[in-house]
Every structure is written in C-alpha cells, then in structure tokens.
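A short worksheet on the structure shown next.
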Amino acid sequence: MPGEFPPQPLDRYALLADGERGAMVGPFGDVTWMCAPRWDSGAVFSTLIGGRGVYAVTPVARHVWGGRYEEGSLIWRTRWITEEGVFECREALAFPGDPHCAVILRRIIASPDRARLAVVLEPRADFGQGPLRAPHEHDGVWTGAAGELRMRWSGGANARPEGPEGHRLTMDLTVEPGTHHDLVLEISDRELPPRPPEAARCWAETETAWERAVPRLQGTVAPRDARQSYAVLRGLTARSGGMVAAATTSLPERAGEDRNYDYRYVWIRDLCIAGQAVAADEAHPLLDDAVRFATARLLDDGPGLAPVYTAEGRDVPGQHRLELPGYPGGHDLVGNRGGEQFQLDAFGEALLLLAAAARHDRLDDDGRRAAETAAQAIDRRWREPDSGMWELSPRHWAHSRLICAAGLRAMARAGPSTVRTARWTELADALIADTAAHSLHPSGRWQRSPGDPGLDGALLMPLVRGALPADDPRNAATLRAYTRRLTDDHFAYRFRHDGRPLNEAEGAFLLCGFAVALAQHRQGHEVEAYRWFERNRAACGPAGLYSEEYDVGLRQMRGNLPQAFVHALMLECAVRLNRPWGA
C-alpha cells in the first residue's frame with residue numbers, strides 16, 4: 001500500500017544493474033525503482049518517486065540493516081540483524097542483461113539462523129499505471145502481465161493474490177538454518193521462453209560475467225573502491241556502448257528548488273569523461289564501448305551532434321510531468337531539454353576520448369573519421385554561444401572553448417604528423433587566443449565568459465586535460481582562485497549562484513572535488529591532491545555509490561543516483577594519484 005515502504009535517504013540505497021536497466025534496493029529489501037525493459041522505459045517499480053509498484057523481501061522481526069557489494073560486481077548482499085538472528089539476501093540483475101528481458105535474482109540465505117520474511121510483489125508498468133493482470137500459478141510458478149510487459153515469478157509457490165483484482169502477490173516465507181531460498185523474477189516486453197531459468201545457473205553465469213568484466217586495478221591508490229566504481233560504470237553501460245548518466249530521474253538536487261532532472265540517458269560529455277578515466281589505466285573494454293557510441297553519434301550527426309541520446313542512440317524526448325508526488329522535495333519529471341541544446345564542449349570531450357583510444361592503439365578508421373568530424377564541427381561552430389558544461393543559458397563559455405582546444409591538441413599529438421594535425425593545432429591556438437582576449441580575468445586567471453568575471457569548477461577540466469602546459473601561469477592562477485573562493489573544507493562548488501553561502505545555494509559538487517584533486521596532482525601538489533581525493537571519496541553511503549551533489553551540512557547525498565561522471569573521476573584519481581602525471 002502507498003507509504004508502507006517510504007522513501008529513504010539516498011545513502012540507504014544500493015544499485016542492481018545489468019547494462020540495460022537498473023534497480024534501486026532500499027533497506028527494507030524493497031526494490032523501489034526499476035524501469036523496464038530499458039533505461040528510459042516506464043518504471044515497473046516506482047515508489048521511490050511516489051508511484052506504485054514494489055518488490056520487497058523484508059524481515060518479520062525487528063531488525064537493523066546493513067549491506068555490501070561482492071567485490072568488483074553489482075551483486076549486493078543485504079544483511080539484517082533481527083531479534084531472531086542474522087541472515088542475508090543476495091541479489092542481482094542477471095548479468096550481462098538481455099535488452100528485452102530483466103531477470104531479478106534474490107537468494108535468502110539463512111545461515112546460521114532461521115529467516116522469517118514477508119514478501120511482496122506488486123509490479124505496475126508505466127510508472128504505476130499498469131497493474132498486474134490475471135496472475136495465475138502453475139507448478140509453483142506465477143505468470144501475469146502489467147501494461148505491455150510479461151511477468152514470471154519462480155520461488156513464490158506459497159504466495160497469494162491480494163485485492164479485488166489480485167494486483168499484488170504476498171507470501172510469508174521461512175528459510176531454515178543452513179539453507180537458502182531462491183526467487184527469480186522475469187520482466188520482458190516479448191514472449192518469455194517456455195521454462196523459467198534455473199536460479200543456480202543464473203547465479204553462476206552472473207558471478208562469472210562480473211569477474212570477467214571488472215579489471216583488478218591493483219595499480220591504483222584505492223583498488224577496492226576503484227573496482228567498485230568500474231563495476232558501477234559497467235552496470236550503467238548498455239550493449240550499444242552508451243553509458244547512462246544515472247539510473248534514476250527526478251531525485252532533487254535541492255529540496256523545493258525545481259532542480260530535478262531525468263538522467264536515464266547518455267550524455268556525450270559524461271560518456272567521454274568515463275572513457276578517459278578508464279584509459280588512464282589501460283585499454284579496458286569500457287574504453288572501446290565509449291569510443292563505439294561516440295563515434296557512431298559523430299558520424300551520424302556531425303556538427304549537429306546532440307549533447308544527449310537514449311542508450312540506443314535515439315533522440316531524447318522533451319521534459320514532461322508524470323503527475324506523481326515525487327521523491328520528497330522533488331518532482332516527477334521524465335525526458336530532458338538537454339537534447340535541444342548546443343554544447344560545444346561535447347566535441348572537445350569526444351576528441352579527448354578518441355585521442356586516449358589512439359594512444360592505446362584502439363582507434364579504427366571510423367574513429368579517425370569521427371575525430372575529423374569533431375574537429376570540423378569545432379572549426380565551424382566555436383564562435384556560436386553554447387549551453388556549456390552545466391547546461392545554462394547560451395553564452396561564449398570559456399570552458400567550452402578551452403576544452404575543445406585541449407581535445408584538438410590531444411588528437412594532434414596522438415595522430416601522425418600531417419597537414420591535418422597541423423590544422424588542429426592552429427585551431428587550438430586560435431581558440432586559446434580568442435578566449436584569452438575575451439575571458440581572461442585582470443588577475444591572470446580564466447573567468448566564466450566574456451561578460452561574467454566569476455569562477456567556475458568547469459574551468460579546472462581544461463587544466464587537467466592539457467589545454468595549456470602545466471606550468472602556464474593561467475593554470476596556477478585559476479586553481480588558486482577557485483580553491484580560495486569556491487571550496488570549503490576540501491569540498492568544491494561549481495560556481496556562485498548568488499550572495500548566499502555556498503552550501504545554502506547547492507550541494508558540494510563531487511565531480512569538481514575530484515577535478516581539484518587531479519588539478520593539484522598535475523601542478524605537483526601531491527599532499528593536497530590526496531587530501532582532496534580522500535575527502536570526496538568519503539561522500540558516499542554503505543554501498544559506495546556517489547550522487548551528483550553532497551549536502552555538507554546535513555552529510556547527505558543529493559540528486560540522481562548513482563552519478564556516472566563522479567564514479568569516473570573517482571576512478572581516474574585512484575589511477576593517476578599512484579603515478580607521476582603523464583606516466
């Protein structure tokens with residue numbers, strides 16, 4: 001019923017993901033969010049934002065909650081300490097995922113104590129509008145439909161339908177000490193195969209697939225956390241190579257301030273940032289995935305490259321409301337206006353990604369054509385105002401031009417010495433000269449735009465990516481001014497919104513905090529780099545997931561979860577801080 005699994009602080013949630021969709025699991029064993037069959041489909045479990053639909057496995061006795069991921073995977077183990085004993089629920093989405101069929105695996109492990117649980121399954125398609133229809137049981141297996149989706153549930157033989165239409169299945173479950181009980185839920189937009197999958201086989205295949213998918217990352221300063229961030233990034237990456245920015249929509253960045261967005265899409269910038277982070281270590285498969293998706297979009301759309309696409313590479317729908325209550329302090333938006341914007345920096349980030357692939361000898365002919373396309377687009381469009389990294393009103397943002405210069409220089413260094421690469425270097429020089437003429441503050445640092453003398457966390461990224469030599473005085477001046485005016489206690493903020501204290505206008509931006517760590521490292525300030533890294537690395541919950549922002553005063557996560565580009569820069573810091581810059 002509404003309210004029986006109320007929304008929790010974001011640090012209480014874990015992510016299950018298989019590349020094609022993701023599920024958020026709360027401390028009551030409640031799957032409160034999952035879209036099916038794909039990332040941007042309607043949600044079949046949506047209580048997280050005030051809809052209907054939940055799948056819960058909850059202890060009957062009073063209990064306290066904990067949990068952990070099995071290392072290098074998105075296999076989650078919820079652990080409850082109850083008045084009757086201790087037991088666990090091991091859960092995952094079968095991995096790698098089928099684009100048409102989600103399989104949720106849940107195994108209740110009663111060791112060493114007996115486990116008594118209440119199980120609730122109430123799938124409701126299309127954000128709660130499509131209830132479970134005609135559920136029926138045969139040989140211990142339930143089948144039914146919700147909206148256009150087909151459902152099959154194994155392991156719930158003793159469940160009973162509730163309500164006039166039987167929209168909800170409930171079950172009292174007891175698992176004896178030393179045993180386990182498997183629940184397998186299939187949700188598909190196609191006909192299901194004749195037989196349900198065998199739980200033991202699904203678990204074995206999922207374990208093996210995660211072991212193969214996530215590298216060891218032993219040469220980093222934080223191998224366990226680096227591996228976990230890589231696993232999150234892999235879980236957010238579809239077969240197309242597209243990596244969604246987050247698994248959720250409409251989780252507020254600031255309560256009551258209308259900063260609620262749908263992040264279930266692939267931002268070219270974020271994808272490229274993640275690919276570069278992976279390439280900082282080795283040519284792991286996620287680098288190839290990012291290159292494949294970015295290359296396809298550049299070759300298809302050229303100078304008209306959109307900032308954001310669906311995971312299948314299609315246009316993103318415009319923003320609209322669902323008429324749901326939303327997560328407390330937020331709204332209920334789906335779709336995103338970003339697809340209608342021009343963001344110049346996406347071309348620069350794409351070049352940086354393609355250059356990273358070239359350095360690892362992972363760039364094919366299509367990739368080289370995509371690099372030429374991106375360079376031509378910059379040449380054609382760099383004088384236009386754009387919406388920038390933060391998707392604000394169009395201006396001549398300094399960051400956009402400087403990151404394009406960094407991408408052109410990186411691609412010129414990675415390619416053969418030809419007339420073409422000379423043109424790229426000349427264009428980079430022109431971009432920097434024009435930006436210096438119009439967006440260099442009298443103090444010698446970069447400013448946001450010709451008409452805005454303020455500072456901006458985005459201006460750290462060209463420093464990190466080599467738009468200018470590390471010892472260029474404009475780099476040091478920008479980093480020094482930014483850390484003095486837009487940071488507090490080693491947390492960083494994007495820019496100053498107004499006259500309020502920084503932490504009253506928005507949360508600390510974790511991407512910026514990790515960017516400061518990288519910038520300090522590139523400037524040779526190793527102690528400061530580590531301080532920034534460790535401070536921001538700690539801004540997560542028990543599951544080790546990062547949201548976009550962190551409310552320093554309340555020590556709570558804000559915004560959609562998990563945020564891919566934060567995990568990407570955490571991973572890149574873990575790699576780069578363990579070696580001299582450029583090694």
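Following the order of the structure tokens, first chain is A, next is B, and so on, with residues numbered from 1 inside each chain and ligands from 1 in the order they appear.
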
Residues near A:Arg494, cut-off 7 Å, only C-alpha atoms, skip fewer than 6 positions along chain, as an NGL selection string: :A and (456-457 or 509 or 512)

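Near A:Arg465, within 8 Å and counting only C-alpha atoms, sit Leu352, Ile403, Ala406, Gly407 and Met461 of chain A; same-chain residues fewer than 4 positions away were not included.
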
Once you have the residues from the selection above, write them out as an mmCIF file, in the first residue's frame, restricted to C-alpha atoms.
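Contents of again36.cif, as written:
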```
data_model
loop_
_atom_site.group_PDB
_atom_site.id
_atom_site.type_symbol
_atom_site.label_atom_id
_atom_site.label_comp_id
_atom_site.auth_asym_id
_atom_site.auth_seq_id
_atom_site.Cartn_x
_atom_site.Cartn_y
_atom_site.Cartn_z
ATOM 1 C CA LEU A 352 39.953 13.760 -25.860
ATOM 2 C CA ILE A 403 38.248 22.003 -23.576
ATOM 3 C CA ALA A 406 42.582 20.511 -25.239
ATOM 4 C CA GLY A 407 40.865 17.927 -27.436
ATOM 5 C CA MET A 461 38.946 20.481 -16.647
#
```

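Closest to A:Trp65 among A:Arg12, A:Arg216, A:His396, A:Arg21 is A:Arg12, based on only C-alpha atoms.
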
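Ranking A:Ala255, A:Ala568, A:Leu298, A:Ala375 by their shortest atom-to-atom distance to A:Leu271, with only C-alpha atoms included, puts A:Ala568 first.
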
Per-residue DSSP, stretch 141-307 of chain A, filtered to alpha helix (DSSP H), as a ChimeraX atom specification: /A:199-213,223-235,268-279,285-301

Distance query stretch 528-534 of chain A at most 9 Å, only C-alpha atoms, self and fewer than 2 positions along chain excluded, as a ChimeraX atom specification: /A:490-491,513-522,524-526,536-538,570,573-574,577
